[in-house]
Amino acid sequence: MSMENLTTNHDAFHQMLASHDARFDGQGLVDGDSITLLLAYRPPFDWELLLDFLGSRTIDRIDRVEDGAYLRAVRIQQGGTFHTGWIQVRHTPARNALSAIVATSLLPVLSPVLARIRVLFDLDCDPTLIHRRLASMDKLKPGMNREGLRMPGAFDGFEMAVRAVLGQQVTVKAARTLANRLVEILGEPVPTPIAGLTHVFPSPEALAALPQPVEDVLGPLGITGSRARAIRALAEALASGEVMLSPTADVPLMMERLLALPGFGPWTVHYLAMRALAWPDAFPHTDYGIKLALKRAWGLNDYPSPKRILEAAKPWKPWRSYAAMNLWRSL
């Protein structure tokens, strides 16, 4: 896209950027095929911890972490049109901002792209407020309350939710393997100039349209029947509009509807509330990692009961999602 075209609606464009607290980087357009923006945050920002979390959960062909940056293939629908492209996000600590390079093919949907980046990297949180509220966690283990902690969000709520289903009672590595297989067979191709970024996650509509029984389609990928049916049920709920996986959704209502789906227990629903719904007070208290972290912190021989865990978490409200991240990190 030419600079002439880009500046046609100059005032409206900058008004939209201002709504996301975005600023032009001094470079402006890059190679004529991308634009660089700065997305501000409140310091401090533990970029390395957040990037490590996302990097261990990337999906081949869709996204990756490389040389301190997060890269992703993107497809966003607006009206009846699909806009495809790519993004690259780096930390610019001297500016208290993330540097987001966005393909110019995504300019028609730049506002939702920037909104998703802000959610993914939790750019609107107040880390000082949260750190102060979780100060008592340092009594469990010195340094447990991480300064500059961010909650990893979701660029694509459905993609993250399917990954959560695949991750039920298995390791992060095993869930990643299953997600890679799913995208290899059912992922939707998008053109990008970045080697290895070639697909986006299948849409809810695509997975909802899979022939029945769905376990016959997903089973050969190593996905159990119960998880295949859970993914199908989730896809149908999103395709029909019954469920929304967005920070703008009614969180209690969405959690209630998710819990009613087959294969969705409290752990999965709270994990989705943390990341896809951006609810700061979700707390998957039955999580093995949380139980293990508290067992070690309290010097117990056995895992603490769910009742004891919930009681211990009361002082951390309304930031228990961040408390969960601290507990996981402590391991």
# chains A, B, ... in the order shown; residues from 1 in each chain; ligands from 1

call {"tool": "select_by_dssp", "arguments": {"residues": "region 117-251 of chain A", "states": "strand (DSSP E or B)", "output": "MDAnalysis selection string"}}
result
chainID A and resid 188:189 199:200

call {"tool": "closest_residue", "arguments": {"among": "A:Arg232, A:Arg57, A:Arg72, A:Arg146", "to": "Leu178 (chain A)", "atoms": "only C-alpha atoms"}}
result
A:Arg57

call {"tool": "atom_distance", "arguments": {"atom1": "CA of Met254 (chain A)", "atom2": "CA of Val74 (chain A)"}}
result
25.1 Å

call {"tool": "residues_around", "arguments": {"residues": "Arg42 (chain A)", "least_positions_apart": "5", "cutoff": "10 Å", "atoms": "only C-alpha atoms", "output": "list of chain:residue names"}}
result
A:Asn96, A:Ala97, A:Leu123, A:Asp124, A:Cys125, A:Asp126, A:Pro127, A:Thr128, A:Gly148

call {"tool": "residues_around", "arguments": {"residues": "His83 (chain A)", "least_positions_apart": "4", "cutoff": "6 Å", "atoms": "only C-alpha atoms", "output": "number ranges by chain"}}
result
A: 75-76, 106

call {"tool": "closest_residue", "arguments": {"among": "A:Ala195, A:Met144, A:Ala324, A:Met244", "to": "Glu66 (chain A)", "atoms": "only C-alpha atoms"}}
result
A:Ala195

call {"tool": "atom_distance", "arguments": {"atom1": "CA of Tyr70 (chain A)", "atom2": "CA of Arg90 (chain A)"}}
result
6.7 Å

call {"tool": "closest_residue", "arguments": {"among": "A:Ser330, A:Ser105, A:Asn301, A:Ser34", "to": "Gly289 (chain A)", "atoms": "only C-alpha atoms"}}
result
A:Ser330

call {"tool": "atom_distance", "arguments": {"atom1": "CA of Asp60 (chain A)", "atom2": "CA of Gly196 (chain A)"}}
result
7.6 Å

call {"tool": "select_by_dssp", "arguments": {"residues": "region 16-193 of chain A", "states": "alpha helix (DSSP H)", "output": "compact mmCIF listing (two decimals) with C-alpha atoms, in the first residue's frame"}}
result
# COMPACT_ATOMS: atom_id res chain seq x y z
CA MET A 16 -8.21 5.06 15.72
CA LEU A 17 -4.57 4.65 16.76
CA ALA A 18 -5.07 6.98 19.70
CA SER A 19 -7.88 4.75 20.96
CA TRP A 47 8.76 -9.51 28.81
CA GLU A 48 11.01 -12.56 29.09
CA LEU A 49 8.56 -14.47 31.30
CA LEU A 50 5.61 -13.69 29.04
CA LEU A 51 7.50 -14.54 25.86
CA ASP A 52 8.71 -17.82 27.37
CA PHE A 53 5.12 -18.78 28.24
CA LEU A 54 3.88 -18.02 24.72
CA GLY A 55 6.92 -19.60 23.09
CA LEU A 110 -5.99 -2.62 12.11
CA SER A 111 -8.18 -1.69 15.06
CA PRO A 112 -9.11 -5.30 15.94
CA VAL A 113 -5.53 -6.43 15.25
CA LEU A 114 -4.18 -3.91 17.76
CA ALA A 115 -6.90 -4.81 20.26
CA ARG A 116 -5.92 -8.48 20.03
CA ILE A 117 -2.25 -7.66 20.50
CA ARG A 118 -3.08 -5.65 23.60
CA VAL A 119 -5.04 -8.59 25.02
CA LEU A 120 -2.39 -11.15 24.12
CA PRO A 127 1.39 -4.16 37.38
CA THR A 128 2.18 -2.03 40.42
CA LEU A 129 -1.36 -2.36 41.78
CA ILE A 130 -1.37 -6.13 41.22
CA HIS A 131 2.11 -6.62 42.70
CA ARG A 132 1.07 -4.71 45.82
CA ARG A 133 -2.13 -6.76 46.23
CA GLY A 157 -9.94 -17.15 21.67
CA PHE A 158 -11.16 -20.28 19.87
CA GLU A 159 -7.64 -21.40 19.06
CA MET A 160 -6.62 -20.97 22.69
CA ALA A 161 -9.71 -22.79 23.91
CA VAL A 162 -9.11 -25.80 21.68
CA ARG A 163 -5.53 -25.89 22.89
CA ALA A 164 -6.79 -25.88 26.48
CA VAL A 165 -9.02 -28.87 25.73
CA LEU A 166 -6.08 -30.69 24.14
CA VAL A 172 2.30 -28.66 27.56
CA LYS A 173 4.52 -30.47 25.05
CA ALA A 174 1.91 -33.18 24.41
CA ALA A 175 -0.84 -30.59 23.90
CA ARG A 176 1.39 -28.72 21.47
CA THR A 177 1.97 -31.90 19.46
CA LEU A 178 -1.78 -32.50 19.15
CA ALA A 179 -2.40 -28.88 18.13
CA ASN A 180 0.31 -29.15 15.47
CA ARG A 181 -1.36 -32.26 14.02
CA LEU A 182 -4.75 -30.57 14.00
CA VAL A 183 -3.43 -27.55 12.10
CA GLU A 184 -1.47 -29.75 9.68
CA ILE A 185 -4.70 -31.47 8.61
CA LEU A 186 -7.36 -28.80 9.11

call {"tool": "closest_residue", "arguments": {"among": "A:Ile101, A:Ala235, A:Val190, A:Leu140", "to": "Lys295 (chain A)", "atoms": "only C-alpha atoms"}}
result
A:Leu140

call {"tool": "residues_around", "arguments": {"residues": "Lys139 (chain A)", "least_positions_apart": "3", "cutoff": "12 Å", "atoms": "only C-alpha atoms", "output": "ChimeraX atom specification"}}
result
/A:134-136,142-145,294,297-298,312

call {"tool": "write_last_selection", "arguments": {"atoms": "C-alpha atoms", "output": "PDB file, in the first residue's frame"}}
result
ATOM      1  CA  LEU A 134      -0.240 -10.067  45.894  1.00  0.00           C
ATOM      2  CA  ALA A 135       2.558  -9.106  48.300  1.00  0.00           C
ATOM      3  CA  SER A 136       1.539 -11.848  50.744  1.00  0.00           C
ATOM      4  CA  PRO A 142      10.624 -15.320  48.738  1.00  0.00           C
ATOM      5  CA  GLY A 143      10.352 -13.761  45.297  1.00  0.00           C
ATOM      6  CA  MET A 144       7.172 -15.664  44.363  1.00  0.00           C
ATOM      7  CA  ASN A 145       5.338 -12.389  43.698  1.00  0.00           C
ATOM      8  CA  LEU A 294       1.426 -24.790  47.486  1.00  0.00           C
ATOM      9  CA  ALA A 297       5.513 -23.760  49.849  1.00  0.00           C
ATOM     10  CA  TRP A 298       3.684 -25.149  52.871  1.00  0.00           C
ATOM     11  CA  ALA A 312      -5.530 -19.290  50.993  1.00  0.00           C
TER      12      ALA A 312
END

call {"tool": "decode", "arguments": {"residues": "region 166-214 of chain A", "atoms": "N, CA and C atoms", "output": "JSON list (two decimals), in the first residue's frame"}}
result
[["chain", "number", "residue", "atom", "x", "y", "z"],
["A", 166, "LEU", "N", -7.12, -29.71, 24.46],
["A", 166, "LEU", "CA", -6.08, -30.69, 24.14],
["A", 166, "LEU", "C", -5.09, -30.84, 25.29],
["A", 167, "GLY", "N", -4.98, -29.81, 26.14],
["A", 167, "GLY", "CA", -4.03, -29.84, 27.24],
["A", 167, "GLY", "C", -4.58, -30.42, 28.53],
["A", 168, "GLN", "N", -5.82, -30.88, 28.52],
["A", 168, "GLN", "CA", -6.39, -31.44, 29.74],
["A", 168, "GLN", "C", -5.62, -32.69, 30.17],
["A", 169, "GLN", "N", -5.02, -32.62, 31.35],
["A", 169, "GLN", "CA", -4.34, -33.76, 31.98],
["A", 169, "GLN", "C", -3.17, -34.31, 31.16],
["A", 170, "VAL", "N", -2.57, -33.47, 30.33],
["A", 170, "VAL", "CA", -1.36, -33.86, 29.61],
["A", 170, "VAL", "C", -0.36, -32.73, 29.72],
["A", 171, "THR", "N", 0.86, -32.97, 29.33],
["A", 171, "THR", "CA", 1.89, -31.95, 29.41],
["A", 171, "THR", "C", 1.69, -30.88, 28.34],
["A", 172, "VAL", "N", 2.34, -29.73, 28.55],
["A", 172, "VAL", "CA", 2.30, -28.66, 27.56],
["A", 172, "VAL", "C", 2.85, -29.16, 26.23],
["A", 173, "LYS", "N", 3.91, -29.94, 26.27],
["A", 173, "LYS", "CA", 4.52, -30.47, 25.05],
["A", 173, "LYS", "C", 3.56, -31.39, 24.31],
["A", 174, "ALA", "N", 2.85, -32.25, 25.05],
["A", 174, "ALA", "CA", 1.91, -33.18, 24.41],
["A", 174, "ALA", "C", 0.76, -32.42, 23.77],
["A", 175, "ALA", "N", 0.26, -31.39, 24.45],
["A", 175, "ALA", "CA", -0.84, -30.59, 23.90],
["A", 175, "ALA", "C", -0.39, -29.87, 22.63],
["A", 176, "ARG", "N", 0.84, -29.41, 22.64],
["A", 176, "ARG", "CA", 1.39, -28.72, 21.47],
["A", 176, "ARG", "C", 1.47, -29.67, 20.29],
["A", 177, "THR", "N", 1.88, -30.90, 20.53],
["A", 177, "THR", "CA", 1.97, -31.90, 19.46],
["A", 177, "THR", "C", 0.60, -32.14, 18.83],
["A", 178, "LEU", "N", -0.43, -32.27, 19.67],
["A", 178, "LEU", "CA", -1.78, -32.50, 19.15],
["A", 178, "LEU", "C", -2.28, -31.29, 18.35],
["A", 179, "ALA", "N", -1.99, -30.08, 18.85],
["A", 179, "ALA", "CA", -2.40, -28.88, 18.13],
["A", 179, "ALA", "C", -1.71, -28.80, 16.77],
["A", 180, "ASN", "N", -0.43, -29.17, 16.73],
["A", 180, "ASN", "CA", 0.31, -29.15, 15.47],
["A", 180, "ASN", "C", -0.33, -30.11, 14.46],
["A", 181, "ARG", "N", -0.72, -31.28, 14.91],
["A", 181, "ARG", "CA", -1.36, -32.26, 14.02],
["A", 181, "ARG", "C", -2.70, -31.74, 13.51],
["A", 182, "LEU", "N", -3.45, -31.10, 14.39],
["A", 182, "LEU", "CA", -4.75, -30.57, 14.00],
["A", 182, "LEU", "C", -4.60, -29.51, 12.91],
["A", 183, "VAL", "N", -3.63, -28.61, 13.08],
["A", 183, "VAL", "CA", -3.43, -27.55, 12.10],
["A", 183, "VAL", "C", -2.87, -28.12, 10.79],
["A", 184, "GLU", "N", -2.03, -29.14, 10.89],
["A", 184, "GLU", "CA", -1.47, -29.75, 9.68],
["A", 184, "GLU", "C", -2.57, -30.29, 8.78],
["A", 185, "ILE", "N", -3.62, -30.86, 9.39],
["A", 185, "ILE", "CA", -4.70, -31.47, 8.61],
["A", 185, "ILE", "C", -5.82, -30.48, 8.29],
["A", 186, "LEU", "N", -6.17, -29.63, 9.26],
["A", 186, "LEU", "CA", -7.36, -28.80, 9.11],
["A", 186, "LEU", "C", -7.08, -27.30, 9.10],
["A", 187, "GLY", "N", -5.83, -26.90, 9.30],
["A", 187, "GLY", "CA", -5.50, -25.48, 9.28],
["A", 187, "GLY", "C", -5.81, -24.84, 7.94],
["A", 188, "GLU", "N", -6.06, -23.54, 7.96],
["A", 188, "GLU", "CA", -6.47, -22.82, 6.75],
["A", 188, "GLU", "C", -5.30, -21.98, 6.24],
["A", 189, "PRO", "N", -4.84, -22.21, 5.01],
["A", 189, "PRO", "CA", -3.65, -21.52, 4.49],
["A", 189, "PRO", "C", -3.86, -20.01, 4.36],
["A", 190, "VAL", "N", -2.81, -19.26, 4.67],
["A", 190, "VAL", "CA", -2.79, -17.82, 4.41],
["A", 190, "VAL", "C", -1.41, -17.47, 3.87],
["A", 191, "PRO", "N", -1.33, -16.53, 2.96],
["A", 191, "PRO", "CA", -0.01, -16.15, 2.42],
["A", 191, "PRO", "C", 0.70, -15.17, 3.35],
["A", 192, "THR", "N", 1.96, -15.46, 3.66],
["A", 192, "THR", "CA", 2.81, -14.50, 4.38],
["A", 192, "THR", "C", 4.21, -14.60, 3.78],
["A", 193, "PRO", "N", 5.02, -13.56, 3.90],
["A", 193, "PRO", "CA", 6.39, -13.61, 3.40],
["A", 193, "PRO", "C", 7.36, -14.23, 4.40],
["A", 194, "ILE", "N", 6.85, -14.68, 5.54],
["A", 194, "ILE", "CA", 7.70, -15.20, 6.60],
["A", 194, "ILE", "C", 7.73, -16.71, 6.51],
["A", 195, "ALA", "N", 8.91, -17.25, 6.33],
["A", 195, "ALA", "CA", 9.07, -18.70, 6.21],
["A", 195, "ALA", "C", 8.50, -19.41, 7.43],
["A", 196, "GLY", "N", 7.67, -20.41, 7.18],
["A", 196, "GLY", "CA", 7.12, -21.21, 8.26],
["A", 196, "GLY", "C", 5.78, -20.72, 8.77],
["A", 197, "LEU", "N", 5.40, -19.48, 8.50],
["A", 197, "LEU", "CA", 4.08, -18.97, 8.90],
["A", 197, "LEU", "C", 3.16, -19.05, 7.69],
["A", 198, "THR", "N", 2.38, -20.10, 7.63],
["A", 198, "THR", "CA", 1.62, -20.42, 6.43],
["A", 198, "THR", "C", 0.13, -20.65, 6.66],
["A", 199, "HIS", "N", -0.30, -20.74, 7.92],
["A", 199, "HIS", "CA", -1.67, -21.12, 8.20],
["A", 199, "HIS", "C", -2.25, -20.32, 9.37],
["A", 200, "VAL", "N", -3.56, -20.35, 9.46],
["A", 200, "VAL", "CA", -4.25, -19.91, 10.66],
["A", 200, "VAL", "C", -5.06, -21.10, 11.18],
["A", 201, "PHE", "N", -5.51, -20.98, 12.42],
["A", 201, "PHE", "CA", -6.25, -22.07, 13.05],
["A", 201, "PHE", "C", -7.60, -22.24, 12.36],
["A", 202, "PRO", "N", -8.09, -23.46, 12.24],
["A", 202, "PRO", "CA", -9.42, -23.65, 11.64],
["A", 202, "PRO", "C", -10.48, -22.89, 12.41],
["A", 203, "SER", "N", -11.44, -22.35, 11.72],
["A", 203, "SER", "CA", -12.48, -21.54, 12.34],
["A", 203, "SER", "C", -13.48, -22.42, 13.08],
["A", 204, "PRO", "N", -14.25, -21.84, 14.01],
["A", 204, "PRO", "CA", -15.31, -22.62, 14.65],
["A", 204, "PRO", "C", -16.28, -23.22, 13.63],
["A", 205, "GLU", "N", -16.60, -22.44, 12.60],
["A", 205, "GLU", "CA", -17.53, -22.93, 11.59],
["A", 205, "GLU", "C", -16.98, -24.16, 10.87],
["A", 206, "ALA", "N", -15.66, -24.15, 10.60],
["A", 206, "ALA", "CA", -15.05, -25.29, 9.90],
["A", 206, "ALA", "C", -15.08, -26.54, 10.77],
["A", 207, "LEU", "N", -14.76, -26.40, 12.06],
["A", 207, "LEU", "CA", -14.76, -27.58, 12.92],
["A", 207, "LEU", "C", -16.18, -28.03, 13.25],
["A", 208, "ALA", "N", -17.11, -27.09, 13.33],
["A", 208, "ALA", "CA", -18.50, -27.47, 13.58],
["A", 208, "ALA", "C", -19.08, -28.24, 12.40],
["A", 209, "ALA", "N", -18.52, -28.03, 11.21],
["A", 209, "ALA", "CA", -19.03, -28.69, 10.01],
["A", 209, "ALA", "C", -18.39, -30.04, 9.74],
["A", 210, "LEU", "N", -17.47, -30.47, 10.60],
["A", 210, "LEU", "CA", -16.84, -31.78, 10.40],
["A", 210, "LEU", "C", -17.89, -32.88, 10.45],
["A", 211, "PRO", "N", -17.73, -33.92, 9.66],
["A", 211, "PRO", "CA", -18.73, -35.00, 9.65],
["A", 211, "PRO", "C", -18.77, -35.73, 10.99],
["A", 212, "GLN", "N", -19.92, -36.25, 11.29],
["A", 212, "GLN", "CA", -20.10, -37.03, 12.50],
["A", 212, "GLN", "C", -19.88, -38.51, 12.21],
["A", 213, "PRO", "N", -19.39, -39.29, 13.15],
["A", 213, "PRO", "CA", -18.90, -38.87, 14.47],
["A", 213, "PRO", "C", -17.55, -38.17, 14.35],
["A", 214, "VAL", "N", -17.39, -37.05, 15.05],
["A", 214, "VAL", "CA", -16.20, -36.23, 14.90],
["A", 214, "VAL", "C", -14.94, -36.95, 15.38]]
